[in-house]
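Next comes query-v2.cif, a file with mmCIF, C-alpha atoms.
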data_run
#
loop_
_atom_site.label_atom_id
_atom_site.label_comp_id
_atom_site.auth_asym_id
_atom_site.auth_seq_id
_atom_site.Cartn_x
_atom_site.Cartn_y
_atom_site.Cartn_z
CA GLN A 1 85.96 85.29 41.61
CA GLU A 2 87.02 83.14 44.55
CA GLY A 3 85.74 84.93 47.65
CA GLY A 4 82.60 86.54 46.33
CA LEU A 5 81.19 89.86 47.57
CA GLU A 6 82.79 89.52 51.02
CA ALA A 7 86.27 89.33 49.49
CA LEU A 8 85.49 92.21 47.17
CA THR A 9 84.57 94.51 50.04
CA THR A 10 87.60 93.61 52.16
CA LEU A 11 90.10 96.47 52.42
CA HIS A 12 93.73 95.36 52.32
CA TYR A 13 95.29 98.77 51.76
CA LYS A 14 97.54 99.62 54.69
CA GLY A 15 98.70 103.01 53.54
CA GLN A 16 102.13 104.16 52.48
CA PRO A 17 105.14 103.71 54.77
CA SER A 18 105.75 106.77 56.93
CA GLN A 19 108.46 109.04 55.58
CA LEU A 20 109.65 109.42 59.17
CA ASN A 21 110.64 105.75 59.36
CA GLN A 22 113.77 106.29 57.27
CA TYR A 23 114.93 108.82 59.88
CA GLY A 24 113.96 106.59 62.82
CA GLU A 25 117.43 105.96 64.27
CA GLN A 26 118.42 109.61 63.89
CA LEU A 27 115.28 110.82 65.66
CA VAL A 28 115.51 108.24 68.44
CA PHE A 29 119.09 109.34 69.11
CA GLU A 30 118.00 112.99 69.16
CA PHE A 31 115.05 112.35 71.53
CA MET A 32 117.25 110.31 73.88
CA LYS A 33 119.87 113.05 73.93
CA ASN A 34 117.39 115.94 74.19
CA PRO A 35 114.06 114.57 75.52
CA VAL A 36 110.77 116.34 74.85
CA ALA A 37 107.81 116.57 77.22
CA THR A 38 104.89 116.85 74.78
CA LEU A 39 103.82 115.74 71.29
CA LYS A 40 103.84 119.41 70.27
CA GLU A 41 107.53 119.69 71.22
CA ALA A 42 108.28 116.50 69.27
CA GLN A 43 106.39 117.88 66.28
CA ASN A 44 108.38 121.12 66.34
CA LYS A 45 111.70 119.29 66.75
CA ILE A 46 110.98 117.01 63.76
CA GLU A 47 110.00 119.97 61.61
CA LEU A 48 113.16 121.83 62.63
CA LEU A 49 115.48 118.87 62.01
CA LEU A 50 113.92 117.36 58.88
CA ASN A 51 111.65 120.07 57.51
CA ILE A 52 108.81 117.52 57.60
CA GLN A 53 105.38 118.55 58.89
CA ARG A 54 103.20 115.89 60.48
CA SER A 55 100.01 115.94 62.57
CA LEU A 56 100.14 115.20 66.29
CA SER A 57 98.47 111.81 65.72
CA GLN A 58 101.16 110.90 63.18
CA ILE A 59 103.88 112.00 65.58
CA SER A 60 102.30 109.88 68.31
CA ALA A 61 102.17 106.82 66.04
CA PHE A 62 105.84 107.30 65.06
CA LEU A 63 106.98 107.56 68.70
CA GLN A 64 105.04 104.41 69.60
CA ARG A 65 106.59 102.47 66.72
CA PHE A 66 110.04 103.25 68.07
CA LYS A 67 109.03 102.58 71.72
CA LEU A 68 109.40 106.19 72.77
CA LYS A 69 106.81 106.45 75.56
CA ARG A 70 105.90 109.29 77.87
CA ARG A 71 107.54 108.19 81.11
CA LYS A 72 107.64 109.76 84.52
CA VAL A 73 111.03 111.27 85.35
CA GLY A 74 112.71 109.50 88.26
CA GLN A 75 114.95 110.99 90.92
CA ILE A 76 118.51 110.13 91.88
CA PRO A 77 119.94 111.66 95.06
CA GLU A 78 122.54 114.22 94.04
CA LYS A 79 125.17 112.79 96.38
CA ALA A 80 124.59 109.12 95.52
CA ASP A 81 127.83 107.29 94.76
CA ILE A 82 126.96 104.83 91.99
CA ASP A 83 130.25 102.92 92.28
CA LYS A 84 129.78 102.39 96.03
CA GLN A 85 126.20 101.24 95.44
CA ASN A 86 127.30 98.69 92.87
CA LYS A 87 130.08 97.35 95.13
CA PHE A 88 127.71 97.10 98.12
CA LYS A 89 125.12 95.31 96.00
CA LYS A 90 127.63 92.79 94.64
CA ASN A 91 129.83 92.22 97.69
CA LYS A 92 127.31 92.40 100.56
CA LEU A 93 123.67 92.57 99.55
CA GLU A 94 123.62 89.70 97.07
CA ARG A 95 125.59 87.48 99.47
CA LEU A 96 123.14 88.16 102.33
CA ILE A 97 120.14 87.54 100.07
CA LYS A 98 121.61 84.18 99.05
CA LEU A 99 122.06 83.20 102.72
CA ALA A 100 118.48 84.32 103.51
CA LYS A 101 117.04 82.31 100.64
CA GLY A 102 118.95 79.30 101.94
CA GLN A 103 117.35 79.86 105.38
CA ARG A 104 120.75 80.32 106.99
CA ILE A 105 119.91 83.85 108.21
CA LYS A 106 116.89 86.11 108.66
CA LEU A 107 117.40 89.22 106.57
CA PHE A 108 115.34 92.38 107.13
CA PHE A 109 115.23 95.73 105.38
CA VAL A 110 114.60 98.50 107.91
CA ASP A 111 113.34 102.06 107.41
CA ALA A 112 110.96 104.60 108.90
CA ALA A 113 107.99 106.17 107.14
CA HIS A 114 106.52 109.44 108.39
CA PHE A 115 102.93 109.69 107.16
CA VAL A 116 101.70 113.28 107.47
CA HIS A 117 97.94 113.85 107.70
CA GLN A 118 97.59 115.75 104.45
CA PRO A 119 96.41 115.04 100.88
CA PHE A 120 98.31 112.51 98.78
CA GLN A 121 97.40 113.50 95.26
CA GLY A 122 97.48 110.92 92.48
CA TYR A 123 96.09 110.60 88.96
CA LEU A 124 92.49 109.78 87.99
CA TYR A 125 90.81 109.54 84.59
CA GLY A 126 87.89 111.92 84.24
CA ILE A 127 86.22 114.46 81.99
CA LYS A 128 87.02 117.15 84.53
CA ARG A 129 89.78 117.51 87.07
CA PHE A 130 89.01 115.96 90.46
CA PHE A 131 89.57 117.67 93.80
CA ILE A 132 89.83 116.12 97.25
CA ARG A 133 89.45 117.83 100.58
CA ALA A 134 92.62 118.63 102.49
CA ALA A 135 92.92 118.02 106.21
CA ALA A 136 94.04 121.12 108.07
CA GLY A 137 96.27 119.35 110.57
CA ARG A 138 99.92 118.40 110.33
CA LYS A 139 99.95 115.39 112.64
CA ARG A 140 102.28 112.54 111.74
CA PHE A 141 101.90 108.80 112.07
CA ASN A 142 105.41 107.34 112.25
CA VAL A 143 106.10 103.72 111.35
CA LEU A 144 109.47 102.05 111.82
CA GLY A 145 109.35 98.79 109.91
CA ALA A 146 111.46 95.69 109.28
CA LEU A 147 110.59 93.79 106.10
CA ASP A 148 111.61 90.13 105.79
CA ALA A 149 113.48 89.78 102.49
CA VAL A 150 112.15 86.26 101.84
CA SER A 151 108.71 85.89 103.47
CA LYS A 152 107.76 89.58 102.92
CA SER A 153 106.29 89.73 106.45
CA VAL A 154 106.66 93.08 108.20
CA THR A 155 107.32 93.96 111.84
CA THR A 156 106.51 97.51 112.92
CA VAL A 157 106.83 99.95 115.80
CA CYS A 158 104.51 102.96 115.53
CA ASN A 159 104.11 106.29 117.31
CA GLU A 160 102.81 109.81 116.81
CA SER A 161 105.84 111.72 118.09
CA TYR A 162 109.32 110.91 116.73
CA ILE A 163 111.39 107.98 115.59
CA ASN A 164 114.61 107.91 117.60
CA ALA A 165 117.27 105.52 118.87
CA LYS A 166 114.95 104.13 121.54
CA THR A 167 112.37 103.31 118.86
CA VAL A 168 115.04 101.44 116.89
CA CYS A 169 115.97 99.50 120.02
CA GLN A 170 112.29 98.60 120.50
CA LEU A 171 112.26 97.14 117.01
CA LEU A 172 115.46 95.18 117.65
CA GLU A 173 114.01 93.67 120.83
CA LEU A 174 110.78 92.82 119.03
CA LEU A 175 112.66 91.00 116.26
CA ALA A 176 114.83 89.15 118.78
CA ASP A 177 111.69 87.94 120.59
CA GLN A 178 109.98 86.88 117.36
CA TYR A 179 112.97 85.03 115.91
CA VAL A 180 114.63 83.40 118.88
CA GLY A 181 117.74 81.43 117.92
CA GLU A 182 117.89 82.90 114.40
CA ARG A 183 120.86 84.80 112.97
CA ILE A 184 119.32 88.21 112.28
CA TYR A 185 120.75 90.73 109.82
CA LEU A 186 119.31 94.20 109.27
CA ILE A 187 119.86 96.42 106.22
CA LEU A 188 119.53 100.07 107.32
CA ASP A 189 120.20 103.55 106.01
CA ASN A 190 122.49 106.03 107.74
CA ALA A 191 119.95 107.99 109.78
CA ARG A 192 121.64 109.27 112.95
CA TYR A 193 119.18 107.58 115.28
CA GLN A 194 120.02 104.22 113.67
CA LYS A 195 123.76 104.71 113.87
CA CYS A 196 124.46 105.59 117.49
CA GLN A 197 126.03 103.94 120.52
CA LEU A 198 122.70 102.90 122.11
CA VAL A 199 121.66 101.04 118.94
CA PHE A 200 125.12 99.43 118.58
CA GLU A 201 125.07 98.18 122.19
CA THR A 202 121.50 96.86 121.94
CA ALA A 203 122.24 95.04 118.67
CA GLN A 204 125.37 93.49 120.17
CA LYS A 205 123.49 92.35 123.26
CA LEU A 206 120.77 90.76 121.10
CA ASN A 207 123.31 89.31 118.63
CA ILE A 208 121.78 91.21 115.71
CA GLN A 209 124.05 92.25 112.85
CA LEU A 210 123.60 95.78 111.47
CA VAL A 211 124.54 96.36 107.82
CA TYR A 212 124.44 99.98 106.66
CA LEU A 213 123.69 100.99 103.10
CA PRO A 214 125.94 103.40 101.21
CA ALA A 215 124.82 106.99 101.75
CA TYR A 216 121.83 108.14 99.66
CA SER A 217 120.79 104.68 98.50
CA PRO A 218 117.00 104.32 98.94
CA ASN A 219 116.95 102.27 95.72
CA LEU A 220 118.71 99.45 97.60
CA ASN A 221 116.26 99.38 100.50
CA LEU A 222 113.40 97.01 99.71
CA ILE A 223 111.03 98.44 102.32
CA GLU A 224 110.85 101.74 100.44
CA ARG A 225 108.62 99.93 97.93
CA LEU A 226 106.31 98.85 100.76
CA TRP A 227 105.85 102.47 101.85
CA ARG A 228 104.93 103.45 98.28
CA PHE A 229 102.52 100.52 98.12
CA THR A 230 100.86 101.65 101.36
CA LYS A 231 100.39 105.19 100.06
CA LYS A 232 98.91 103.88 96.83
CA LYS A 233 96.50 101.56 98.64
CA VAL A 234 95.06 103.85 101.29
CA LEU A 235 96.32 107.44 100.89
CA TYR A 236 96.37 108.57 97.27
CA ASN A 237 93.18 110.50 96.40
CA LYS A 238 91.63 109.71 99.79
CA PHE A 239 90.30 112.16 102.36
CA TYR A 240 90.28 111.26 106.06
CA SER A 241 88.46 113.87 108.10
CA SER A 242 90.13 112.85 111.36
CA PHE A 243 93.68 111.85 112.22
CA ASP A 244 92.37 108.64 113.81
CA GLU A 245 90.77 107.59 110.52
CA PHE A 246 94.00 108.42 108.69
CA LYS A 247 96.09 106.44 111.18
CA ASN A 248 93.73 103.46 111.20
CA ALA A 249 93.76 103.24 107.41
CA ILE A 250 97.55 102.92 107.40
CA ALA A 251 97.58 100.48 110.34
CA THR A 252 94.91 98.31 108.66
CA CYS A 253 96.89 98.22 105.43
CA LEU A 254 100.04 97.11 107.25
CA THR A 255 98.06 94.48 109.17
CA LYS A 256 96.85 93.09 105.85
CA VAL A 257 100.45 92.98 104.68
CA LYS A 258 101.36 90.99 107.81
CA ASN A 259 98.42 88.64 107.16
CA SER A 260 99.49 88.11 103.52
CA ASP A 261 96.23 89.62 102.19
CA TYR A 262 98.25 91.36 99.46
CA LYS A 263 100.52 88.39 98.81
CA SER A 264 100.20 88.26 95.00
CA GLU A 265 100.68 92.02 94.61
CA LEU A 266 103.66 92.16 96.97
CA ASN A 267 105.37 89.11 95.49
CA SER A 268 105.64 90.92 92.16
CA LEU A 269 106.51 94.28 93.76
CA LEU A 270 109.01 93.17 96.41
CA THR A 271 111.31 91.16 94.17
CA LEU A 272 114.93 91.01 95.25
CA LYS A 273 116.09 92.91 92.19
CA PHE A 274 117.46 96.37 92.81
CA GLN A 275 117.76 99.27 90.41
CA THR A 276 121.19 100.75 89.91
CA PHE A 277 121.88 103.96 88.07
CA ASP A 278 124.97 103.20 85.99
CA MET A 279 122.99 102.16 82.89
CA LEU A 280 120.26 104.80 83.13
CA GLN A 281 119.96 108.00 81.13
CA ILE A 282 120.65 110.83 83.54
CA ASN A 283 119.88 114.42 82.64
CA PRO A 284 122.03 117.12 84.24
#

Taking this structure as input, can you express it in the form of structure tokens?
Amino acid sequence: QEGGLEALTTLHYKGQPSQLNQYGEQLVFEFMKNPVATLKEAQNKIELLLNIQRSLSQISAFLQRFKLKRRKVGQIPEKADIDKQNKFKKNKLERLIKLAKGQRIKLFFVDAAHFVHQPFQGYLYGIKRFFIRAAAGRKRFNVLGALDAVSKSVTTVCNESYINAKTVCQLLELLADQYVGERIYLILDNARYQKCQLVFETAQKLNIQLVYLPAYSPNLNLIERLWRFTKKKVLYNKFYSSFDEFKNAIATCLTKVKNSDYKSELNSLLTLKFQTFDMLQINP
């Protein structure tokens, strides 16, 4: 009477509430305690627990309503000491970051990446599965990098042989030349070639402070995210027929990082927030 034919043909029926909703908290607790990998597994678990049969689309809708998403499983080094990580983060890392933001020191995160000339397989949407060619060689392009915590600029030393103590000393000398008069602090992992007498003596001579992460703590090293970014940009699902092409692709990507070509992407990726594992769900 008021809206005419248009109002008459409008469908307001939203269906009945899902019977699964009343068991929502119980099922969320069960799926958090004993995760499933597929909708079929979730369907079987619900039928076993509640004796309720639902289609896969209904199961999917229920999981989405309760924010249960299919997430990639992460890795935590077996020997990682969570308490030591938390203490390092609170007592050292956060203090150094504050000094760096206040321009009182130059803070760098240091690590080496060893890019092997082989396929880096990622995910692609398609009707059929995609295949990429695989280079036969096993040559490596090694990059030892120092990432500025504040400016996100990167300083690198590259080779095709090995990263060793002399390579680390090269990087120290390069940083000392680039930042004359600055108080330089480096965050490093515990690789043997970074924790030896030659490196200690060189750092002391150049007045560079070395700060070592707790063992097995890649989650606290910001530059690890840069290496993942580089792989995503130029290596995943890409075929380079020659090692020179492979090497140049990586070098070009890192040059663009130095030139701030990826500034917006890196600003959101390289935030000074670090994941710790004490509040995460860890499966045995």

Residues at most 8 Å from His117 (chain A), counting only C-alpha atoms, excluding those fewer than 2 positions away in the same chain, as a PyMOL selection string? chain A and resi 115+119+135+137-141+243+246

Taking the file as I've supplied it (selection: the PyMOL selection byres ((chain A and resi 34-46) around 9)), which residues are included? Please answer as a VMD selection string. chain A and resid 20 27 29 to 33 47 to 57 59 to 60 70 283

Export, as a PDB file, in the coordinates of the input, the selected residues with C-alpha atoms.
ATOM      1  CA  LEU A  20     109.650 109.420  59.170  1.00  0.00           C
ATOM      2  CA  LEU A  27     115.280 110.820  65.660  1.00  0.00           C
ATOM      3  CA  PHE A  29     119.090 109.340  69.110  1.00  0.00           C
ATOM      4  CA  GLU A  30     118.000 112.990  69.160  1.00  0.00           C
ATOM      5  CA  PHE A  31     115.050 112.350  71.530  1.00  0.00           C
ATOM      6  CA  MET A  32     117.250 110.310  73.880  1.00  0.00           C
ATOM      7  CA  LYS A  33     119.870 113.050  73.930  1.00  0.00           C
ATOM      8  CA  GLU A  47     110.000 119.970  61.610  1.00  0.00           C
ATOM      9  CA  LEU A  48     113.160 121.830  62.630  1.00  0.00           C
ATOM     10  CA  LEU A  49     115.480 118.870  62.010  1.00  0.00           C
ATOM     11  CA  LEU A  50     113.920 117.360  58.880  1.00  0.00           C
ATOM     12  CA  ASN A  51     111.650 120.070  57.510  1.00  0.00           C
ATOM     13  CA  ILE A  52     108.810 117.520  57.600  1.00  0.00           C
ATOM     14  CA  GLN A  53     105.380 118.550  58.890  1.00  0.00           C
ATOM     15  CA  ARG A  54     103.200 115.890  60.480  1.00  0.00           C
ATOM     16  CA  SER A  55     100.010 115.940  62.570  1.00  0.00           C
ATOM     17  CA  LEU A  56     100.140 115.200  66.290  1.00  0.00           C
ATOM     18  CA  SER A  57      98.470 111.810  65.720  1.00  0.00           C
ATOM     19  CA  ILE A  59     103.880 112.000  65.580  1.00  0.00           C
ATOM     20  CA  SER A  60     102.300 109.880  68.310  1.00  0.00           C
ATOM     21  CA  ARG A  70     105.900 109.290  77.870  1.00  0.00           C
ATOM     22  CA  ASN A 283     119.880 114.420  82.640  1.00  0.00           C
TER      23      ASN A 283
END

Which residues, written as a ChimeraX atom specification, have at least one atom at most 9 Å from Leu222 (chain A), with all atoms listed in the file counted and residues fewer than 4 positions away on the same chain left out? /A:108-110,147,149,218,226,270-274

From the options A:Leu107, A:Leu235, A:Val168, A:Leu269, which residue's atoms come nearest to Phe200 (chain A), counting all atoms listed in the file? A:Val168

Hits of the PyMOL selection byres ((chain A and resi 191-193) around 6) in this structure, as a PyMOL selection string: chain A and resi 164-165+189-190+194-195

Hey, what's within 7 Å of region 71-85 of chain A if we count only C-alpha atoms and toss same-chain stuff fewer than 4 positions away? As a PyMOL selection string, please? chain A and resi 89+214-217+277-278

Let me know the residues the PyMOL selection byres ((chain A and resi 158) around 6) catches in the file above, as a VMD selection string. chain A and resid 142 to 143 157 159

Shell around Phe239 (chain A) at 7 Å using only C-alpha atoms, local window under 3 positions removed, as a list in words: Pro119, Ile132, Arg133 and Ala134 of chain A

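CA of Lys106 (chain A) sits 4.8 Å away from CA of Ile184 (chain A).
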
Only N, CA, C and O atoms needed: put region 40-65 of chain A from the block into a file as a PDB file, in the first residue's frame.
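After the write, result09.pdb holds the following:
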ATOM      1  N   LYS A  40      36.173 -30.310   5.207  1.00  0.00           N
ATOM      2  CA  LYS A  40      35.682 -31.672   5.383  1.00  0.00           C
ATOM      3  C   LYS A  40      35.985 -32.169   6.798  1.00  0.00           C
ATOM      4  O   LYS A  40      35.134 -32.791   7.445  1.00  0.00           O
ATOM      5  N   GLU A  41      37.178 -31.880   7.297  1.00  0.00           N
ATOM      6  CA  GLU A  41      37.533 -32.268   8.665  1.00  0.00           C
ATOM      7  C   GLU A  41      36.644 -31.550   9.674  1.00  0.00           C
ATOM      8  O   GLU A  41      36.206 -32.143  10.673  1.00  0.00           O
ATOM      9  N   ALA A  42      36.376 -30.262   9.423  1.00  0.00           N
ATOM     10  CA  ALA A  42      35.498 -29.503  10.320  1.00  0.00           C
ATOM     11  C   ALA A  42      34.088 -30.080  10.303  1.00  0.00           C
ATOM     12  O   ALA A  42      33.430 -30.204  11.350  1.00  0.00           O
ATOM     13  N   GLN A  43      33.634 -30.447   9.125  1.00  0.00           N
ATOM     14  CA  GLN A  43      32.302 -31.043   8.982  1.00  0.00           C
ATOM     15  C   GLN A  43      32.199 -32.337   9.782  1.00  0.00           C
ATOM     16  O   GLN A  43      31.227 -32.567  10.521  1.00  0.00           O
ATOM     17  N   ASN A  44      33.205 -33.189   9.665  1.00  0.00           N
ATOM     18  CA  ASN A  44      33.201 -34.470  10.382  1.00  0.00           C
ATOM     19  C   ASN A  44      33.272 -34.260  11.899  1.00  0.00           C
ATOM     20  O   ASN A  44      32.609 -34.961  12.661  1.00  0.00           O
ATOM     21  N   LYS A  45      34.077 -33.280  12.325  1.00  0.00           N
ATOM     22  CA  LYS A  45      34.218 -33.021  13.757  1.00  0.00           C
ATOM     23  C   LYS A  45      32.903 -32.525  14.351  1.00  0.00           C
ATOM     24  O   LYS A  45      32.484 -32.950  15.444  1.00  0.00           O
ATOM     25  N   ILE A  46      32.209 -31.629  13.626  1.00  0.00           N
ATOM     26  CA  ILE A  46      30.921 -31.112  14.108  1.00  0.00           C
ATOM     27  C   ILE A  46      29.884 -32.225  14.192  1.00  0.00           C
ATOM     28  O   ILE A  46      29.120 -32.324  15.162  1.00  0.00           O
ATOM     29  N   GLU A  47      29.874 -33.081  13.187  1.00  0.00           N
ATOM     30  CA  GLU A  47      28.917 -34.200  13.203  1.00  0.00           C
ATOM     31  C   GLU A  47      29.216 -35.155  14.361  1.00  0.00           C
ATOM     32  O   GLU A  47      28.302 -35.652  15.029  1.00  0.00           O
ATOM     33  N   LEU A  48      30.497 -35.379  14.629  1.00  0.00           N
ATOM     34  CA  LEU A  48      30.885 -36.276  15.721  1.00  0.00           C
ATOM     35  C   LEU A  48      30.544 -35.687  17.087  1.00  0.00           C
ATOM     36  O   LEU A  48      30.038 -36.373  17.971  1.00  0.00           O
ATOM     37  N   LEU A  49      30.773 -34.378  17.254  1.00  0.00           N
ATOM     38  CA  LEU A  49      30.545 -33.737  18.544  1.00  0.00           C
ATOM     39  C   LEU A  49      29.071 -33.454  18.820  1.00  0.00           C
ATOM     40  O   LEU A  49      28.585 -33.642  19.944  1.00  0.00           O
ATOM     41  N   LEU A  50      28.338 -33.011  17.789  1.00  0.00           N
ATOM     42  CA  LEU A  50      26.979 -32.509  17.997  1.00  0.00           C
ATOM     43  C   LEU A  50      25.901 -33.338  17.321  1.00  0.00           C
ATOM     44  O   LEU A  50      24.703 -33.088  17.524  1.00  0.00           O
ATOM     45  N   ASN A  51      26.337 -34.282  16.501  1.00  0.00           N
ATOM     46  CA  ASN A  51      25.386 -35.076  15.721  1.00  0.00           C
ATOM     47  C   ASN A  51      24.533 -34.180  14.814  1.00  0.00           C
ATOM     48  O   ASN A  51      23.333 -34.396  14.631  1.00  0.00           O
ATOM     49  N   ILE A  52      25.164 -33.147  14.267  1.00  0.00           N
ATOM     50  CA  ILE A  52      24.498 -32.216  13.352  1.00  0.00           C
ATOM     51  C   ILE A  52      25.204 -32.298  12.008  1.00  0.00           C
ATOM     52  O   ILE A  52      26.431 -32.135  11.929  1.00  0.00           O
ATOM     53  N   GLN A  53      24.441 -32.544  10.944  1.00  0.00           N
ATOM     54  CA  GLN A  53      25.007 -32.623   9.601  1.00  0.00           C
ATOM     55  C   GLN A  53      24.771 -31.311   8.864  1.00  0.00           C
ATOM     56  O   GLN A  53      23.640 -30.811   8.817  1.00  0.00           O
ATOM     57  N   ARG A  54      25.816 -30.748   8.313  1.00  0.00           N
ATOM     58  CA  ARG A  54      25.717 -29.514   7.546  1.00  0.00           C
ATOM     59  C   ARG A  54      26.577 -29.620   6.295  1.00  0.00           C
ATOM     60  O   ARG A  54      27.575 -30.346   6.260  1.00  0.00           O
ATOM     61  N   SER A  55      26.176 -28.884   5.252  1.00  0.00           N
ATOM     62  CA  SER A  55      26.944 -28.886   4.000  1.00  0.00           C
ATOM     63  C   SER A  55      28.252 -28.143   4.204  1.00  0.00           C
ATOM     64  O   SER A  55      28.423 -27.382   5.177  1.00  0.00           O
ATOM     65  N   LEU A  56      29.192 -28.328   3.277  1.00  0.00           N
ATOM     66  CA  LEU A  56      30.484 -27.651   3.384  1.00  0.00           C
ATOM     67  C   LEU A  56      30.328 -26.134   3.314  1.00  0.00           C
ATOM     68  O   LEU A  56      31.054 -25.402   4.003  1.00  0.00           O
ATOM     69  N   SER A  57      29.371 -25.642   2.507  1.00  0.00           N
ATOM     70  CA  SER A  57      29.154 -24.194   2.422  1.00  0.00           C
ATOM     71  C   SER A  57      28.629 -23.646   3.749  1.00  0.00           C
ATOM     72  O   SER A  57      28.997 -22.538   4.170  1.00  0.00           O
ATOM     73  N   GLN A  58      27.778 -24.413   4.431  1.00  0.00           N
ATOM     74  CA  GLN A  58      27.275 -23.984   5.734  1.00  0.00           C
ATOM     75  C   GLN A  58      28.380 -23.998   6.792  1.00  0.00           C
ATOM     76  O   GLN A  58      28.448 -23.108   7.646  1.00  0.00           O
ATOM     77  N   ILE A  59      29.238 -25.005   6.711  1.00  0.00           N
ATOM     78  CA  ILE A  59      30.377 -25.065   7.625  1.00  0.00           C
ATOM     79  C   ILE A  59      31.294 -23.868   7.406  1.00  0.00           C
ATOM     80  O   ILE A  59      31.750 -23.225   8.352  1.00  0.00           O
ATOM     81  N   SER A  60      31.537 -23.538   6.139  1.00  0.00           N
ATOM     82  CA  SER A  60      32.391 -22.400   5.809  1.00  0.00           C
ATOM     83  C   SER A  60      31.807 -21.106   6.354  1.00  0.00           C
ATOM     84  O   SER A  60      32.525 -20.280   6.943  1.00  0.00           O
ATOM     85  N   ALA A  61      30.497 -20.913   6.184  1.00  0.00           N
ATOM     86  CA  ALA A  61      29.844 -19.699   6.678  1.00  0.00           C
ATOM     87  C   ALA A  61      29.940 -19.609   8.202  1.00  0.00           C
ATOM     88  O   ALA A  61      30.181 -18.529   8.766  1.00  0.00           O
ATOM     89  N   PHE A  62      29.764 -20.745   8.891  1.00  0.00           N
ATOM     90  CA  PHE A  62      29.859 -20.757  10.347  1.00  0.00           C
ATOM     91  C   PHE A  62      31.270 -20.362  10.803  1.00  0.00           C
ATOM     92  O   PHE A  62      31.444 -19.534  11.705  1.00  0.00           O
ATOM     93  N   LEU A  63      32.290 -20.944  10.186  1.00  0.00           N
ATOM     94  CA  LEU A  63      33.670 -20.639  10.573  1.00  0.00           C
ATOM     95  C   LEU A  63      33.990 -19.161  10.356  1.00  0.00           C
ATOM     96  O   LEU A  63      34.658 -18.531  11.178  1.00  0.00           O
ATOM     97  N   GLN A  64      33.486 -18.602   9.261  1.00  0.00           N
ATOM     98  CA  GLN A  64      33.728 -17.187   8.985  1.00  0.00           C
ATOM     99  C   GLN A  64      33.054 -16.291  10.011  1.00  0.00           C
ATOM    100  O   GLN A  64      33.622 -15.279  10.431  1.00  0.00           O
ATOM    101  N   ARG A  65      31.837 -16.672  10.434  1.00  0.00           N
ATOM    102  CA  ARG A  65      31.125 -15.870  11.436  1.00  0.00           C
ATOM    103  C   ARG A  65      31.906 -15.778  12.730  1.00  0.00           C
ATOM    104  O   ARG A  65      31.889 -14.758  13.425  1.00  0.00           O
TER     105      ARG A  65
END
